[in-house]
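Colleague: Okay, handing you the structure first.
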Amino acid sequence: MGHVVRDTDWCVIDINTATGFVFFQQRWMYNWVTAAGQSAWTLTERRNFHNRCDRAIWAAWSNRARLAVAGTSAFARRFRSTPVSINLDIRWVTSRPHWNVTVTKIAAGAFRVSEVFWTDRRISLDSEDFKAVQKCDNTGAQCRSQVPVAHEFGHAAGNTAVLARGDEYRATSTHVADYDSALNIGTTVRSRHFTTILDEMNAMVPDTTFSVHSVR
């Protein structure tokens, strides 16, 4: 069967049925803007921003989950006893994006709210978002180090309030006390964070069902 590829409006998923490797990627097209008092983006700064974000997302999300395969297909029978890996990353494009990403250049050490707009396929970031920052819960009692772009990527990967699985630091979330979670104030990826991806994957290979076997 070789590669089974599904290109949606929010991601592309490539399942290699020969090796049991899954590759998830999003195409990001950037809109580079500057805050008042900041110089225009240079090409070097743009490349550095994308590369740093790509590395941060890869480190936070890739090789974290192993997926179990079940079903009656030849692929499922081959890998039913061998969980498959999934890697996730972003690609900088100038056309045919999954996501339109506006990046605002701000002063070093400054703060600006970043956000994912799932329905519109838009992401709002700033030039500091590849740097780890301290995030705290609503009481200030619990604090963790988190890289903002890795958190926002988690939303773009399907963990969105639109699908009733958004920010977990909110008081209304059933996971509000899971401070280590990447969708709360921490960095740990949970099985639930792959739900939307698995929904897509489970429509790709006939007679094959994927689920999270384990995460680390």
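Just remember, in the structure tokens the first chain shown is A, the second B, etc., residues are 1-based per chain, and ligands are 1-based in the order shown.
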Which residues in stretch 126-201 of chain A does DSSP call strand (DSSP E)? List them as a ChimeraX atom specification.

Modeller: /A:126,133-136,143-146

Colleague: What's around A:Ile86 at 9 Å? Count only C-alpha atoms, leave out sequence neighbours fewer than 4 positions away in its own chain, and write the answer as a list in words.

Modeller: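 Those residues are Phe21, Val22, Phe23, Phe24, Trp61, Ser62, Asn63, Arg64, Ala65, Arg66 and Leu67 of chain A.
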
Colleague: For atom CA of A:Asn184 and atom CA of A:Arg6, quote the distance in Å rounded to one decimal.

Modeller: 29.0 Å

Colleague: Neighbouring residues of A:Val93 were defined as those with any atom within 12 Å, considering only C-alpha atoms; residues of the same chain fewer than 6 positions away were excluded. Please report them as a list in words.

Modeller: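 The filter keeps Gln25, Gln26, Arg27, Trp28, Met29, Tyr30, Asn31, Arg47, His50, Trp99, Asn100 and Val101 of chain A.
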
Colleague: Using only C-alpha atoms, which residues sit within 9 Å of A:Ala177 once same-chain residues fewer than 6 positions away are excluded, as an MDAnalysis selection string?

Modeller: chainID A and resid 137 168:169 184

Colleague: Let me make sure I understand: among A:Ser114, A:Thr160, A:Ser95, A:Asn87, which one has the smallest atom-to-atom distance to A:Phe130 if we use only C-alpha atoms?

Modeller: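 Closest residue, counting only C-alpha atoms: A:Ser114.
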
Colleague: Can you list, as a PyMOL selection string, every residue of chain A that DSSP puts in alpha helix (DSSP H)?

Modeller: chain A and resi 43-61+74-79+148-156+195-201

Colleague: Smallest atom-to-atom distance to A:Trp92: which of A:Arg80, A:Cys53, A:Thr119, A:Val133, using only C-alpha atoms?

Modeller: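 With only C-alpha atoms as the atom set, the closest residue is A:Cys53.
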
Colleague: When distances are computed from only C-alpha atoms, which of A:Ala60, A:Ile123, A:Val205, A:Ile13 shows the smallest separation from A:Val189?

Modeller: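 Once distances to A:Val189 are computed over only C-alpha atoms, the minimum belongs to A:Ala60.
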
Colleague: Residues near A:Val149, anyone? I mean within 10 Å using only C-alpha atoms, not counting same-chain ones fewer than 5 positions away, as a list in words.

Modeller: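 Here the qualifying residues turn out to be Arg52, Cys53, Asp54, Ala56, Ile57, Ala60, Ser114, Glu115, Ser124, Leu125, Asp126, Glu128, Asp129, Phe130, Lys131, Ala132, Gly154 and His155 of chain A.
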
Colleague: Take the residues just selected and output them with N, CA and C atoms as a JSON list (two decimals), in the first residue's frame.

Modeller:
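Just written: selection22.json:
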```json
[["chain", "number", "residue", "atom", "x", "y", "z"],
["A", 52, "ARG", "N", 13.21, 28.35, 14.85],
["A", 52, "ARG", "CA", 13.12, 28.16, 16.29],
["A", 52, "ARG", "C", 11.75, 27.60, 16.68],
["A", 53, "CYS", "N", 10.70, 28.08, 16.03],
["A", 53, "CYS", "CA", 9.36, 27.55, 16.31],
["A", 53, "CYS", "C", 9.25, 26.10, 15.89],
["A", 54, "ASP", "N", 9.78, 25.79, 14.72],
["A", 54, "ASP", "CA", 9.73, 24.41, 14.21],
["A", 54, "ASP", "C", 10.43, 23.47, 15.18],
["A", 56, "ALA", "N", 10.98, 23.97, 18.39],
["A", 56, "ALA", "CA", 10.23, 23.93, 19.66],
["A", 56, "ALA", "C", 9.04, 22.99, 19.55],
["A", 57, "ILE", "N", 8.33, 23.05, 18.43],
["A", 57, "ILE", "CA", 7.17, 22.19, 18.22],
["A", 57, "ILE", "C", 7.61, 20.74, 18.10],
["A", 60, "ALA", "N", 8.50, 19.38, 21.49],
["A", 60, "ALA", "CA", 7.36, 19.23, 22.40],
["A", 60, "ALA", "C", 6.42, 18.11, 22.00],
["A", 114, "SER", "N", -1.14, 35.46, 22.43],
["A", 114, "SER", "CA", -1.14, 34.65, 21.21],
["A", 114, "SER", "C", -2.40, 33.78, 21.21],
["A", 115, "GLU", "N", -2.85, 33.43, 20.01],
["A", 115, "GLU", "CA", -4.16, 32.79, 19.94],
["A", 115, "GLU", "C", -4.31, 32.02, 18.64],
["A", 124, "SER", "N", -2.31, 33.77, 15.69],
["A", 124, "SER", "CA", -1.67, 35.03, 16.03],
["A", 124, "SER", "C", -0.54, 34.75, 17.01],
["A", 125, "LEU", "N", 0.69, 35.09, 16.61],
["A", 125, "LEU", "CA", 1.87, 34.87, 17.44],
["A", 125, "LEU", "C", 2.66, 36.17, 17.57],
["A", 126, "ASP", "N", 3.70, 36.15, 18.39],
["A", 126, "ASP", "CA", 4.63, 37.27, 18.44],
["A", 126, "ASP", "C", 6.06, 36.75, 18.42],
["A", 128, "GLU", "N", 8.42, 36.65, 20.41],
["A", 128, "GLU", "CA", 8.97, 36.03, 21.62],
["A", 128, "GLU", "C", 8.45, 34.61, 21.84],
["A", 129, "ASP", "N", 7.57, 34.13, 21.00],
["A", 129, "ASP", "CA", 6.83, 32.92, 21.30],
["A", 129, "ASP", "C", 7.62, 31.62, 21.23],
["A", 130, "PHE", "N", 8.84, 31.64, 20.72],
["A", 130, "PHE", "CA", 9.64, 30.40, 20.75],
["A", 130, "PHE", "C", 10.48, 30.30, 22.02],
["A", 131, "LYS", "N", 10.38, 31.30, 22.90],
["A", 131, "LYS", "CA", 11.15, 31.32, 24.14],
["A", 131, "LYS", "C", 10.31, 30.81, 25.30],
["A", 132, "ALA", "N", 10.91, 30.00, 26.16],
["A", 132, "ALA", "CA", 10.19, 29.49, 27.33],
["A", 132, "ALA", "C", 9.87, 30.63, 28.29],
["A", 154, "GLY", "N", -0.56, 23.05, 19.84],
["A", 154, "GLY", "CA", -1.49, 22.06, 20.38],
["A", 154, "GLY", "C", -2.93, 22.40, 20.06],
["A", 155, "HIS", "N", -3.25, 23.69, 20.09],
["A", 155, "HIS", "CA", -4.60, 24.10, 19.68],
["A", 155, "HIS", "C", -4.81, 23.86, 18.19]]
```
